[in-house]
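J.: Below is a structure I'd like to ask you about.
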Amino acid sequence: MIPYPFLWNFMPHCSLAVSTPAGVALLCSLLAVSISAPVKFSPQDGFSEHVELARSLTRKLLTDIPTVHHSCVTTEGLSLEPSAEVKNLEYMMAVLAVPVAPRLVPISETYTLEMSLNRIDEGLHLYRHLLQDVKERLQCSENLSPLLADLRDLSSQVRKVQQLALLTPAESHVKSSLSSRLTGDYEVQVATHLVLQQLRSFGQDVFRSLRHILTHAAV
C-alpha cells in the first residue's frame, strides 16, 4: 500500500484526470482504492487482548527507563532530556558503535504484520543483549534487573501475539560486541546512556506499532 501522506498529497490532482492521459486517470483510481482498502488479517480469538497487554508492558518499560538512567548514569551532562547537549557524544557514538534496532513503520501491503512483529521481537532481543553487556560493568547492576525483566516479559508477550496471528516467530541472530569496547568507566557510562536513550525511542515506536496493529485488528 502507498503511504497515506503521499496519497493525500496526490489526490487533489486526480480531479485533473479528465483532461489528462488515461494512465493518470487509472493511477488516481488505484490510489483511491488504496485509501479505501485497509490491510486486514484474521487472528485467533484473544489476539487484541494480548496486543493490549503488550502495550501495557511497553508502557511500563518506558516508565522504568528514566528511573534506571537516573540511578546508573552519573556522568555530568548525560541526560535523557532532548535539549541536553553532550560534548564529544558523536565521537563516542562512533567509537562505541552501539547497534540500533530495526526501524518500525505502519503496516501496509509491503510491510506486513509478520514483518512488524519480527522487527519488534528482534529489537527487544538486541536491547536485552546490550543491557546485559553494560550491566556486567556497572556498579548499579541490580537496578538494571527490573528493566531486563520488562524486556523479557514484553518479548514473551510479542511471541504470544505472533502465535495468535498464526505466525512463526523468526529466529533471533542478535550478536553484540559492545562489551569489548567498554574499556573504561566513561565508555561504560556513555554506552549505558546511549542504550537507554535508544531503547526509549524504540519503545515509543513499539507502542505506536502495537496501537496500529490493534486498529487493524478491529477493522
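To be explicit about the labels: the chains of the C-alpha cells are called A, B, and onward in the order shown, and within each one the residues are counted from 1, while ligands get numbers from 1 in the order they are shown.
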What's around Glu187 in chain A at 10 Å? Count only C-alpha atoms, leave out sequence neighbours fewer than 3 positions away in its own chain, and write the answer as a PyMOL selection string.

T.: chain A and resi 92-93+95-96+134+181-184+190-193

J.: Hey, what's within 10 Å of Leu53 in chain A if we count only C-alpha atoms and toss same-chain stuff fewer than 4 positions away? As a ChimeraX atom specification, please?

T.: /A:47-49,57-59,154,157-158,161,210

J.: When distances are computed from only C-alpha atoms, which of A:His125, A:Gly203, A:Ala165, A:Cys72 shows the smallest separation from Glu142 in chain A?

T.: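 For Glu142 in chain A, the nearest of the given residues is A:Cys72.
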
J.: Got a sec: who's within 8 Å of range 130-132 of chain A, counting only C-alpha atoms, leaving out chain neighbours fewer than 6 positions off, as a list of chain:residue names?

T.: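 Answer for this query is A:Leu144, A:Leu148, A:Ser176, A:Leu178, A:Thr192, A:Val195.
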
J.: Neighbours of range 103-118 of chain A within 7 Å (only C-alpha atoms; same-chain residues fewer than 2 positions away dropped), as a PyMOL selection string?

T.: chain A and resi 1+39+101+120-122+158+162+167+169-170+205+209+212

J.: With only C-alpha atoms as the basis for distance, which of A:Val206, A:Leu126, A:Leu61, A:Val73 is at the shortest distance from Val100 in chain A?

T.: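 Going through A:Val206, A:Leu126, A:Leu61, A:Val73 one by one, the smallest distance to Val100 in chain A is for A:Leu126.
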
J.: Tell me which of A:Pro146, A:Gly46, A:Gly77, A:Pro66 sits closest to Arg128 in chain A, counting only C-alpha atoms.

T.: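 Smallest distance to Arg128 in chain A is found for A:Pro146.
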
J.: What is the CA of Asp133 in chain A-CA of Glu81 in chain A distance in Å, reported with one decimal?

T.: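 Rounded to one decimal, the two atoms are 23.8 Å apart.
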
J.: Tell me, which residues of range 42-184 of chain A carry DSSP alpha helix (DSSP H), written as an MDAnalysis selection string?

T.: chainID A and resid 47:72 89:96 113:135 141:164
